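Listing of model_38.txt; format and content: compact mmCIF, C-alpha atoms and all ligand atoms.
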```txt
# COMPACT_ATOMS: atom_id res chain seq x y z
CA GLY X 1 0.00 0.00 0.00
CA ARG X 2 0.98 3.56 -0.61
CA THR X 3 1.00 6.12 2.13
CA ILE X 4 -1.39 8.98 1.57
CA SER X 5 0.33 12.10 2.72
CA ARG X 6 0.56 15.68 1.52
CA GLY X 7 1.02 15.79 -2.24
CA HIS X 8 -0.81 12.54 -2.97
CA GLU X 9 -3.72 12.96 -5.43
CA ASN X 10 -6.24 11.79 -2.83
CA PHE X 11 -4.70 13.59 0.09
CA GLN X 12 -7.25 16.35 0.21
CA ILE X 13 -10.26 14.07 0.07
CA VAL X 14 -8.80 11.90 2.79
CA TYR X 15 -7.89 14.97 4.80
CA ASN X 16 -11.47 16.21 4.53
CA MET X 17 -12.85 12.84 5.53
CA LEU X 18 -10.73 12.81 8.66
CA THR X 19 -11.49 16.43 9.47
CA GLY X 20 -15.17 15.54 9.29
CA ILE X 21 -14.82 12.53 11.54
CA GLN X 22 -12.83 14.56 14.02
CA SER X 23 -15.51 17.24 14.28
CA ALA X 24 -18.25 14.65 14.46
CA ILE X 25 -16.58 12.89 17.37
CA LEU X 26 -15.58 16.04 19.18
CA HIS X 27 -19.11 17.42 18.96
CA SER X 28 -20.85 14.18 19.80
CA GLU X 29 -23.09 14.10 22.81
CA ASN X 30 -22.22 12.06 25.81
CA ASP X 31 -25.73 10.74 26.06
CA LEU X 32 -25.82 7.16 27.25
CA SER X 33 -29.57 6.78 27.42
CA ASP X 34 -31.28 4.00 25.50
CA LEU X 35 -31.69 4.31 21.77
CA THR X 36 -34.99 5.43 20.34
CA PRO X 37 -36.28 4.65 16.83
CA GLN X 38 -35.42 8.23 15.98
CA ASP X 39 -31.73 7.64 16.74
CA PHE X 40 -31.52 5.25 13.82
CA LYS X 41 -32.83 7.85 11.42
CA THR X 42 -31.11 11.03 12.49
CA ASN X 43 -27.88 12.40 11.23
CA LYS X 44 -25.73 15.36 12.06
CA LYS X 45 -24.47 17.85 9.52
CA PHE X 46 -21.31 19.90 9.53
CA VAL X 47 -20.21 22.62 7.15
CA PHE X 48 -16.56 23.44 6.58
CA GLN X 49 -15.59 26.70 4.94
CA SER X 50 -12.23 27.32 3.41
CA SER X 51 -10.17 30.15 4.72
CA GLU X 52 -7.66 31.73 2.38
CA SER X 53 -4.97 32.34 4.97
CA ASP X 54 -5.00 28.79 6.19
CA THR X 55 -1.91 26.81 5.38
CA THR X 56 -3.70 23.50 5.68
CA PRO X 57 -5.32 22.30 2.44
CA LYS X 58 -8.13 24.54 1.32
CA TYR X 59 -11.47 23.00 2.01
CA SER X 60 -15.10 23.76 1.58
CA PHE X 61 -17.42 20.85 2.03
CA LYS X 62 -20.32 19.40 3.93
CA PHE X 63 -20.03 16.42 6.17
CA LYS X 64 -22.76 14.14 7.43
CA ASP X 65 -22.50 11.75 10.36
CA TYR X 66 -25.25 9.10 10.15
CA SER X 67 -26.95 7.86 13.31
CA PRO X 68 -24.15 9.15 15.55
CA LYS X 69 -25.64 7.83 18.74
CA VAL X 70 -26.13 4.33 17.34
CA PHE X 71 -22.54 4.12 16.11
CA LYS X 72 -21.25 5.47 19.38
CA LYS X 73 -23.05 2.66 21.15
CA LEU X 74 -21.74 0.18 18.63
CA ARG X 75 -18.18 1.38 19.18
CA SER X 76 -18.60 1.10 22.88
CA SER X 77 -19.96 -2.43 22.56
CA PHE X 78 -16.78 -3.20 20.58
CA LYS X 79 -14.83 -1.76 23.54
CA LEU X 80 -13.64 1.24 21.65
CA ASN X 81 -13.63 4.69 23.18
CA ASP X 82 -13.80 7.94 21.24
CA LYS X 83 -10.36 9.04 22.28
CA ASP X 84 -8.63 5.96 20.89
CA TYR X 85 -10.81 6.00 17.78
CA LEU X 86 -9.81 9.58 17.03
CA GLN X 87 -6.20 8.97 17.94
CA SER X 88 -5.92 6.09 15.47
CA LEU X 89 -7.63 7.91 12.66
CA THR X 90 -6.52 11.49 12.96
CA SER X 91 -3.41 11.80 15.07
CA LYS X 92 -1.22 12.17 12.01
CA TYR X 93 -3.71 12.68 9.19
CA VAL X 94 -1.98 10.02 7.21
CA LEU X 95 -3.54 6.85 5.91
CA ASN X 96 -2.25 3.93 3.93
CA GLU X 97 -3.97 3.14 0.70
CA ILE X 98 -4.72 -0.47 -0.12
CA ASN X 99 -3.98 -1.23 -3.74
CA SER X 100 -7.37 -1.68 -5.42
CA PRO X 101 -8.45 -4.75 -3.48
CA GLY X 102 -11.92 -5.17 -5.04
CA LYS X 103 -13.58 -4.84 -8.41
CA SER X 104 -16.30 -2.59 -7.07
CA GLY X 105 -14.37 0.65 -7.44
CA SER X 106 -14.30 1.27 -3.71
CA PHE X 107 -11.27 2.86 -2.16
CA PHE X 108 -9.75 1.39 0.96
CA TYR X 109 -7.51 3.10 3.46
CA TYR X 110 -5.93 1.73 6.57
CA SER X 111 -5.58 4.01 9.55
CA ARG X 112 -1.93 4.69 10.21
CA ASP X 113 -1.84 2.11 12.98
CA TYR X 114 -3.62 -0.47 10.77
CA LYS X 115 -6.43 -0.95 13.27
CA TYR X 116 -9.20 0.47 11.09
CA ILE X 117 -10.17 0.48 7.48
CA ILE X 118 -11.99 3.29 5.72
CA LYS X 119 -13.96 2.04 2.73
CA THR X 120 -15.79 4.25 0.27
CA ILE X 121 -19.11 2.66 -0.59
CA HIS X 122 -21.80 2.97 -3.19
CA HIS X 123 -24.94 4.98 -2.50
CA SER X 124 -26.99 1.76 -2.48
CA GLU X 125 -24.70 0.19 0.13
CA HIS X 126 -25.07 3.20 2.39
CA LEU X 127 -28.86 2.98 2.00
CA HIS X 128 -28.76 -0.69 2.82
CA LEU X 129 -26.79 -0.11 6.00
CA ARG X 130 -29.16 2.63 7.14
CA LYS X 131 -32.17 0.50 6.38
CA THR X 132 -30.82 -2.47 8.29
CA LEU X 133 -28.96 -0.65 11.06
CA ARG X 134 -31.50 -1.53 13.71
CA GLU X 135 -31.25 -5.22 13.09
CA TYR X 136 -27.48 -5.05 12.71
CA PHE X 137 -27.30 -3.27 16.07
CA GLN X 138 -29.50 -5.80 17.79
CA HIS X 139 -27.52 -8.66 16.31
CA ILE X 140 -24.21 -7.19 17.49
CA VAL X 141 -25.52 -6.62 20.99
CA SER X 142 -26.98 -10.09 21.36
CA ASN X 143 -24.12 -11.91 19.57
CA PRO X 144 -20.82 -10.78 21.08
CA ASN X 145 -18.99 -13.40 19.02
CA THR X 146 -20.52 -12.49 15.69
CA LEU X 147 -18.25 -12.88 12.68
CA ILE X 148 -19.87 -9.99 10.87
CA CYS X 149 -17.70 -6.98 10.21
CA GLN X 150 -17.67 -4.27 12.89
CA PHE X 151 -18.96 -0.95 11.65
CA TYR X 152 -17.80 2.09 13.61
CA GLY X 153 -19.22 4.95 11.61
CA LEU X 154 -21.07 5.82 8.41
CA TYR X 155 -20.38 9.19 6.82
CA ARG X 156 -20.93 11.28 3.74
CA ILE X 157 -18.76 14.02 2.40
CA LYS X 158 -20.19 16.42 -0.14
CA PHE X 159 -18.47 19.02 -2.28
CA HIS X 160 -19.99 22.01 -3.98
CA LYS X 161 -21.36 21.19 -7.41
CA ASP X 162 -18.96 23.62 -9.04
CA ASP X 163 -15.97 22.35 -7.15
CA GLN X 164 -13.44 21.12 -9.69
CA THR X 165 -10.75 20.28 -7.18
CA PHE X 166 -11.50 16.59 -7.30
CA ASN X 167 -12.01 14.36 -10.24
CA LEU X 168 -15.44 13.20 -9.13
CA GLY X 169 -17.45 13.89 -12.29
CA ASN X 170 -21.02 14.91 -11.58
CA ASN X 171 -21.08 12.91 -8.44
CA LYS X 172 -20.03 15.29 -5.72
CA GLN X 173 -20.66 13.11 -2.76
CA ILE X 174 -18.75 10.21 -1.31
CA TYR X 175 -20.18 7.73 1.18
CA PHE X 176 -17.74 5.91 3.38
CA LEU X 177 -17.56 3.87 6.50
CA VAL X 178 -15.03 2.94 9.11
CA MET X 179 -14.70 -0.71 10.06
CA ASN X 180 -12.30 -2.99 11.86
CA ASN X 181 -9.28 -4.46 10.21
CA LEU X 182 -10.00 -8.14 10.65
CA PHE X 183 -6.33 -8.85 11.04
CA PRO X 184 -4.24 -7.63 13.94
CA PRO X 185 -2.11 -4.66 12.94
CA ASN X 186 1.16 -6.16 14.07
CA LEU X 187 0.86 -9.51 12.36
CA GLN X 188 1.59 -10.37 8.75
CA MET X 189 -0.80 -12.91 7.20
CA ASN X 190 1.07 -15.50 5.18
CA ILE X 191 -1.97 -16.27 3.09
CA THR X 192 -5.45 -14.79 2.77
CA PHE X 193 -8.61 -16.28 1.29
CA ASP X 194 -11.81 -14.50 0.30
CA LEU X 195 -14.52 -17.17 0.20
CA LYS X 196 -18.04 -16.77 -1.18
CA GLY X 197 -19.04 -20.36 -1.78
CA SER X 198 -19.36 -19.76 -5.50
CA THR X 199 -16.90 -20.92 -8.10
CA TRP X 200 -17.45 -18.80 -11.17
CA GLY X 201 -14.46 -16.49 -11.59
CA ARG X 202 -13.23 -17.39 -8.14
CA LEU X 203 -9.62 -18.20 -8.93
CA THR X 204 -6.59 -16.09 -8.23
CA SER X 205 -3.70 -16.92 -10.48
CA GLN X 206 -1.09 -18.64 -8.34
CA SER X 207 1.75 -17.51 -10.53
CA MET X 208 1.10 -14.00 -9.30
CA SER X 209 1.34 -15.13 -5.72
CA PRO X 210 3.93 -13.08 -3.91
CA LYS X 211 6.16 -14.68 -1.34
CA PRO X 212 5.14 -13.92 2.20
CA THR X 213 7.05 -10.89 3.33
CA ASN X 214 7.56 -9.10 6.55
CA SER X 215 6.81 -5.70 5.12
CA THR X 216 3.41 -4.04 5.42
CA PRO X 217 0.34 -6.18 6.11
CA THR X 218 -1.09 -5.03 2.79
CA THR X 219 1.01 -6.77 0.25
CA SER X 220 -0.23 -10.33 0.07
CA LEU X 221 -2.47 -11.50 -2.73
CA VAL X 222 -5.97 -12.66 -1.87
CA MET X 223 -6.87 -16.22 -2.88
CA LYS X 224 -10.43 -17.33 -3.66
CA ASP X 225 -12.78 -20.31 -3.56
CA LEU X 226 -11.17 -22.29 -6.36
CA ASN X 227 -7.73 -21.87 -4.83
CA TRP X 228 -9.19 -23.09 -1.56
CA LEU X 229 -10.70 -26.16 -3.23
CA ASN X 230 -7.68 -26.87 -5.38
CA GLU X 231 -5.41 -26.80 -2.36
CA ASN X 232 -7.94 -28.83 -0.39
CA GLU X 233 -7.75 -26.40 2.50
CA LYS X 234 -9.49 -27.27 5.76
CA ILE X 235 -9.78 -25.45 9.05
CA ASN X 236 -9.86 -27.10 12.43
CA PHE X 237 -10.33 -24.88 15.45
CA GLY X 238 -10.76 -27.83 17.79
CA SER X 239 -13.93 -29.84 18.16
CA ARG X 240 -15.80 -27.63 20.63
CA GLU X 241 -14.68 -24.47 18.85
CA ASN X 242 -15.71 -25.83 15.47
CA GLU X 243 -19.19 -26.27 16.82
CA VAL X 244 -19.30 -22.79 18.32
CA PHE X 245 -17.96 -21.32 15.12
CA LEU X 246 -20.52 -23.01 12.88
CA LYS X 247 -23.35 -22.14 15.21
CA GLN X 248 -22.37 -18.48 15.10
CA LEU X 249 -21.84 -18.59 11.34
CA LYS X 250 -25.34 -19.97 10.91
CA LYS X 251 -26.84 -17.17 13.02
CA ASP X 252 -24.89 -14.56 11.09
CA VAL X 253 -25.90 -15.99 7.74
CA ASP X 254 -29.53 -16.15 8.85
CA LEU X 255 -29.38 -12.45 9.63
CA LEU X 256 -27.86 -11.64 6.24
CA LYS X 257 -30.55 -13.69 4.50
CA ARG X 258 -33.24 -11.82 6.43
CA LEU X 259 -31.70 -8.51 5.45
CA ASN X 260 -31.73 -9.47 1.77
CA THR X 261 -27.95 -9.27 1.64
CA MET X 262 -25.63 -11.17 -0.66
CA ASP X 263 -22.18 -11.19 -2.21
CA TYR X 264 -20.44 -11.17 1.17
CA SER X 265 -17.35 -13.25 1.88
CA LEU X 266 -15.66 -15.08 4.66
CA LEU X 267 -12.22 -13.58 4.85
CA VAL X 268 -9.68 -16.05 6.18
CA GLY X 269 -6.19 -14.94 7.12
CA ILE X 270 -3.57 -17.51 8.03
CA HIS X 271 -0.41 -16.77 9.90
CA TYR X 272 2.21 -19.46 10.45
CA LEU X 273 3.75 -19.36 13.86
CA ASP X 274 7.49 -19.67 13.89
CA ASP X 275 9.67 -20.77 16.75
CA SER X 276 9.84 -17.40 18.43
CA GLU X 277 6.08 -16.91 18.60
CA SER X 278 3.56 -18.51 20.85
CA ILE X 279 -0.19 -18.63 20.53
CA GLN X 280 -0.49 -16.67 23.76
CA ASP X 281 1.56 -13.77 22.40
CA ASN X 282 -0.78 -13.41 19.53
CA ASN X 283 -3.90 -13.66 21.57
CA THR X 284 -3.45 -10.22 23.02
CA THR X 285 -4.10 -8.29 19.85
CA ASN X 286 -7.01 -5.98 19.24
CA ASN X 287 -9.02 -9.01 18.18
CA ALA X 288 -8.65 -10.50 21.61
CA ASP X 289 -12.39 -10.66 22.04
CA GLU X 290 -12.67 -12.89 19.00
CA ARG X 291 -11.47 -16.05 20.68
CA LEU X 292 -13.00 -18.02 17.88
CA THR X 293 -10.44 -16.76 15.47
CA LEU X 294 -7.66 -18.49 17.29
CA GLY X 295 -7.07 -21.98 16.18
CA LEU X 296 -4.97 -24.75 14.88
CA SER X 297 -5.33 -25.50 11.24
CA THR X 298 -4.33 -29.04 10.47
CA SER X 299 -4.28 -29.17 6.75
CA LEU X 300 -1.58 -26.90 5.61
CA ILE X 301 -1.52 -26.08 2.01
CA SER X 302 -0.76 -29.22 0.10
CA GLY X 303 1.27 -28.85 -3.04
CA ARG X 304 2.94 -25.74 -1.74
CA GLU X 305 6.03 -25.53 0.36
CA LYS X 306 4.95 -26.36 3.87
CA PRO X 307 5.89 -24.14 6.75
CA LYS X 308 8.18 -25.67 9.29
CA LYS X 309 5.63 -25.61 12.08
CA ARG X 310 2.19 -27.12 12.20
CA PHE X 311 0.85 -24.25 14.24
CA VAL X 312 -0.96 -21.47 12.60
CA ILE X 313 -3.28 -18.74 13.70
CA CYS X 314 -6.33 -18.20 11.62
CA TYR X 315 -8.43 -15.03 11.62
CA VAL X 316 -11.88 -15.14 10.10
CA GLY X 317 -14.73 -12.72 9.57
CA ILE X 318 -17.57 -11.87 7.23
CA ILE X 319 -16.88 -8.84 5.05
CA ASP X 320 -18.51 -6.88 2.22
CA CYS X 321 -21.99 -7.45 3.60
CA LEU X 322 -23.84 -4.37 2.35
CA THR X 323 -24.96 -5.53 -1.07
CA ASP X 324 -28.71 -5.47 -1.30
CA TYR X 325 -29.91 -8.04 -3.78
CA SER X 326 -32.91 -6.09 -4.95
CA MET X 327 -30.88 -3.06 -5.85
CA VAL X 328 -27.86 -4.26 -7.68
CA LYS X 329 -27.86 -7.87 -8.58
CA LYS X 330 -31.13 -8.78 -10.25
CA LEU X 331 -30.02 -7.81 -13.71
CA GLU X 332 -26.69 -9.48 -13.26
CA THR X 333 -28.36 -12.75 -12.31
CA ILE X 334 -30.47 -12.75 -15.43
CA TRP X 335 -27.52 -11.91 -17.62
CA ARG X 336 -25.13 -14.43 -16.14
CA CYS X 337 -27.64 -17.27 -16.08
CA MET X 338 -27.90 -17.07 -19.81
CA ASN X 339 -24.28 -18.15 -20.06
CA HIS X 340 -23.50 -19.98 -16.87
CA ASP X 341 -24.74 -22.50 -14.43
CA PHE X 342 -26.95 -20.82 -11.83
CA HIS X 343 -25.24 -22.71 -9.02
CA SER X 344 -21.75 -21.50 -9.76
CA ILE X 345 -22.29 -17.76 -10.02
CA SER X 346 -22.06 -15.24 -7.24
CA ALA X 347 -25.14 -13.12 -7.99
CA VAL X 348 -27.96 -15.33 -6.74
CA PRO X 349 -30.89 -14.59 -4.41
CA PRO X 350 -29.87 -14.05 -0.77
CA LYS X 351 -31.55 -17.17 0.58
CA TYR X 352 -29.72 -19.35 -1.88
CA TYR X 353 -26.51 -17.36 -1.49
CA GLY X 354 -26.57 -17.83 2.28
CA LYS X 355 -27.27 -21.52 2.09
CA ARG X 356 -24.50 -22.16 -0.40
CA PHE X 357 -22.09 -19.95 1.57
CA TYR X 358 -22.78 -21.78 4.82
CA LYS X 359 -22.46 -25.20 3.20
CA PHE X 360 -19.15 -24.30 1.64
CA ILE X 361 -17.67 -23.18 4.95
CA GLU X 362 -19.19 -26.08 6.84
CA LYS X 363 -17.43 -28.48 4.49
CA SER X 364 -14.17 -26.66 5.13
CA ILE X 365 -14.34 -27.13 8.87
CA VAL X 366 -13.15 -30.57 9.83
CA GLU X 367 -11.77 -32.41 12.76
CA ASN X 368 -8.74 -34.54 12.39
P1 LIG F 1 -16.05 -6.61 -4.62
O1 LIG F 1 -17.44 -6.05 -4.47
O2 LIG F 1 -15.49 -6.58 -5.99
O3 LIG F 1 -15.89 -7.95 -3.97
P2 LIG F 1 -15.24 -4.54 -2.73
O4 LIG F 1 -14.66 -3.31 -3.30
O5 LIG F 1 -16.64 -4.49 -2.19
O6 LIG F 1 -15.03 -5.68 -3.79
P3 LIG F 1 -14.39 -6.00 -0.37
O7 LIG F 1 -14.86 -7.30 -0.85
O8 LIG F 1 -15.09 -5.34 0.76
O9 LIG F 1 -14.22 -4.98 -1.59
O10 LIG F 1 -12.86 -6.11 0.07
C1 LIG F 1 -11.88 -6.48 -0.87
C2 LIG F 1 -10.69 -7.06 -0.13
O11 LIG F 1 -10.18 -6.12 0.84
C3 LIG F 1 -11.01 -8.31 0.67
O12 LIG F 1 -10.92 -9.48 -0.12
C4 LIG F 1 -9.95 -8.27 1.75
O13 LIG F 1 -8.74 -8.79 1.27
C5 LIG F 1 -9.79 -6.78 2.03
N1 LIG F 1 -10.66 -6.39 3.15
C6 LIG F 1 -11.91 -5.89 3.06
N2 LIG F 1 -12.45 -5.64 4.27
C7 LIG F 1 -11.50 -6.01 5.18
C8 LIG F 1 -11.44 -6.01 6.63
N3 LIG F 1 -12.46 -5.57 7.38
N4 LIG F 1 -10.30 -6.45 7.21
C9 LIG F 1 -9.26 -6.89 6.47
N5 LIG F 1 -9.26 -6.92 5.12
C10 LIG F 1 -10.36 -6.49 4.47
CA CA F 2 -16.15 -8.64 -1.95
CA CA F 3 -18.66 -5.33 -2.70
```
Take the structure I supplied and represent it as C-alpha cells, if you would.
Amino acid sequence: GRTISRGHENFQIVYNMLTGIQSAILHSENDLSDLTPQDFKTNKKFVFQSSESDTTPKYSFKFKDYSPKVFKKLRSSFKLNDKDYLQSLTSKYVLNEINSPGKSGSFFYYSRDYKYIIKTIHHSEHLHLRKTLREYFQHIVSNPNTLICQFYGLYRIKFHKDDQTFNLGNNKQIYFLVMNNLFPPNLQMNITFDLKGSTWGRLTSQSMSPKPTNSTPTTSLVMKDLNWLNENEKINFGSRENEVFLKQLKKDVDLLKRLNTMDYSLLVGIHYLDDSESIQDNNTTNNADERLTLGLSTSLISGREKPKKRFVICYVGIIDCLTDYSMVKKLETIWRCMNHDFHSISAVPPKYYGKRFYKFIEKSIVEN
C-alpha cells in the first residue's frame, strides 16, 4: 500500500474525511440513554468553509455523520472509546492506501496504525446499512462473538457542485464507513482467502502469488474459492470451537438472509507461527475478544512448500456485507444465467446465497 500524505492525489479528500470525523466525534453528545427509533434515522451535519490564509489544504465541504448515537453505542460495545478512535484515525492525518483490493471501485484506506479500514461505498450500500442498522445493532448486541464486520461509523462528504478540485465527475458526494481491520495490525498474514461459496471467476492466479514478506500487512495477494478447493484447505479450530464457530456462522448468515444481503465473503487470514512466537503472544491483539479466530489449522496447504511448524493462527470474519440483492444484482443474475450454471455464479438470491455460503464453509471445517 501507498501512504497517503501531503502531495498525494487523494490527500485532500482523505484529509477532509478525517477532518469531518474529528468534528463529528468532538461534537458528539455524551448521552448514554437507550436508543430510540429516531436515533436510527437522524444524522448530524457539519459545514466546513475554506479560509484563504490557512496553510492546511483549502477545504469547503459538507459532512454528514449518520446515526451518531447508534454508532457510538456500537463502538462502545466493541470496547472502543472515542479518544482511541480519534487517535488512530486522525493523530497524524496520514492513511495507507490499499492497492485496489476489489472490483467494485471502492477505495480502501488503513488508519496509520492499521487498526481500522476506511472504505468508500456505493450509495446503495449506504442505503442498505441505514435501512438495516436496527437489526445489525441488535444482532451485534446479542451476539458478542458475531463474525460480521464491525462498523464504527457511516459518513458522507459532499463538495460544492462547481468544485473542480477533485475528479469526481457529476457525483459530488462520497459515502464511506469505518470498520475494523480483521487482522491484527502487528501480524503479517502468510496467506489470505476471500470465500463466497461460488466458483465462477473465483480463482486467483497462483503464478502471481507473492512470497510472504515481513513488510506491510497489505502486500499479500488474496486467494479465492477455487484456490481453496484446489489446495484442499481445511480449518480445524478444535472440536468444541468448530461447533461454536458453525453455530455463530449460521446465526450470522440467517441475519444476512433476512436482510436481503448477498455477495459477502468469509475472509480467512492464516499466519504461520514460527519458533519465536507462541499462541499466547498473539492472543493479546485488538481481536482478543474474538477467541473463535484463534485456532490450529491441520491441513496446511498441500502442493505448496509447507511451513516448518504445524501451528498457525487463523483469523476469520464476514466482510462486504452491504450488497442489497434487490438493488444491484437482479439484472446481473439474469444476464449471467444465460451463459452460466446458476449454481456457480455469485449473484444469486440471498436465501440461496446464504445456504451455499454456509455449506461451503461447513465443508471446510473438519476435525482430524
Ligand atoms: P467486490 O465487491 O469486488 O468484492 P469490494 O470493493 O466491495 O469488492 P471488499 O470485498 O469489501 O471490496 O474487500 C476487498 C478485499 O479487501 C477483501 O478481499 C480483503 O482482502 C480486504 N478487506 C476488506 N475488508 C476487510 C477487513 N475488514 N479487514 C481486512 N481486510 C479487508
Ligand atoms: Ca467482496
Ligand atoms: Ca462489494
Practice item. Could you give me the residues within 9 Å of ligand LIG 1 (chain F), counting all atoms listed in the file, as a PyMOL selection string? Key: chain X and resi 98+100-108+116-117+119-121+149-150+179-183+192-195+218+220-224+263-269+317-323
Review point. Smallest atom-to-atom distance to X:Leu26: which of X:Ser142, X:Gln87, X:Asn10, X:Ser60, using only C-alpha atoms?
Key: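 That would be X:Gln87, the residue with the smallest distance to X:Leu26.
Pairwise distance (atom CA of X:Tyr315, atom CA of X:Ile270) equals 6.5 Å.
Counting all atoms listed in the file, the residue from X:Tyr175, X:Pro350, X:Leu74, X:Asn170 that sits nearest to X:His122 is X:Tyr175.
The two atoms in question, atom CA of X:Leu255 and atom CA of X:Gln38, are spaced 22.5 Å apart.
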Exercise for review: Please identify all polymer residues within 10 Å of X:Met262, counting all atoms listed in the file, omitting same-chain residues fewer than 4 positions from it, and present them as a VMD selection string.
Suggested key: chain X and resid 196 253 256 to 257 320 to 326 329 346 to 354 357
Limited to C-alpha atoms, could you put the picked residues into a file as a CSV table (one decimal), in the coordinates of the input?
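Done, and the output landed in part-v5.csv:
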```csv
chain,number,residue,atom,x,y,z
X,196,LYS,CA,-18.0,-16.8,-1.2
X,253,VAL,CA,-25.9,-16.0,7.7
X,256,LEU,CA,-27.9,-11.6,6.2
X,257,LYS,CA,-30.6,-13.7,4.5
X,320,ASP,CA,-18.5,-6.9,2.2
X,321,CYS,CA,-22.0,-7.4,3.6
X,322,LEU,CA,-23.8,-4.4,2.4
X,323,THR,CA,-25.0,-5.5,-1.1
X,324,ASP,CA,-28.7,-5.5,-1.3
X,325,TYR,CA,-29.9,-8.0,-3.8
X,326,SER,CA,-32.9,-6.1,-5.0
X,329,LYS,CA,-27.9,-7.9,-8.6
X,346,SER,CA,-22.1,-15.2,-7.2
X,347,ALA,CA,-25.1,-13.1,-8.0
X,348,VAL,CA,-28.0,-15.3,-6.7
X,349,PRO,CA,-30.9,-14.6,-4.4
X,350,PRO,CA,-29.9,-14.0,-0.8
X,351,LYS,CA,-31.6,-17.2,0.6
X,352,TYR,CA,-29.7,-19.4,-1.9
X,353,TYR,CA,-26.5,-17.4,-1.5
X,354,GLY,CA,-26.6,-17.8,2.3
X,357,PHE,CA,-22.1,-20.0,1.6
```
Revision key, fill the gap. re atom CA of X:Trp200 and atom CA of X:Asn227: distance 12.0 Å
Practice item. Just the residues within 9 Å of X:Asp82, please, counting all atoms listed in the file, with nothing from its chain fewer than 6 positions along; format it as a PyMOL selection string. Key: chain X and resi 25-26+72+75-76
With C-alpha atoms retained, could you export that selection as a PDB file, in the frame of the given file?
```pdb
ATOM      1  CA  ILE X  25     -16.580  12.890  17.370  1.00  0.00           C
ATOM      2  CA  LEU X  26     -15.580  16.040  19.180  1.00  0.00           C
ATOM      3  CA  LYS X  72     -21.250   5.470  19.380  1.00  0.00           C
ATOM      4  CA  ARG X  75     -18.180   1.380  19.180  1.00  0.00           C
ATOM      5  CA  SER X  76     -18.600   1.100  22.880  1.00  0.00           C
TER       6      SER X  76
END
```
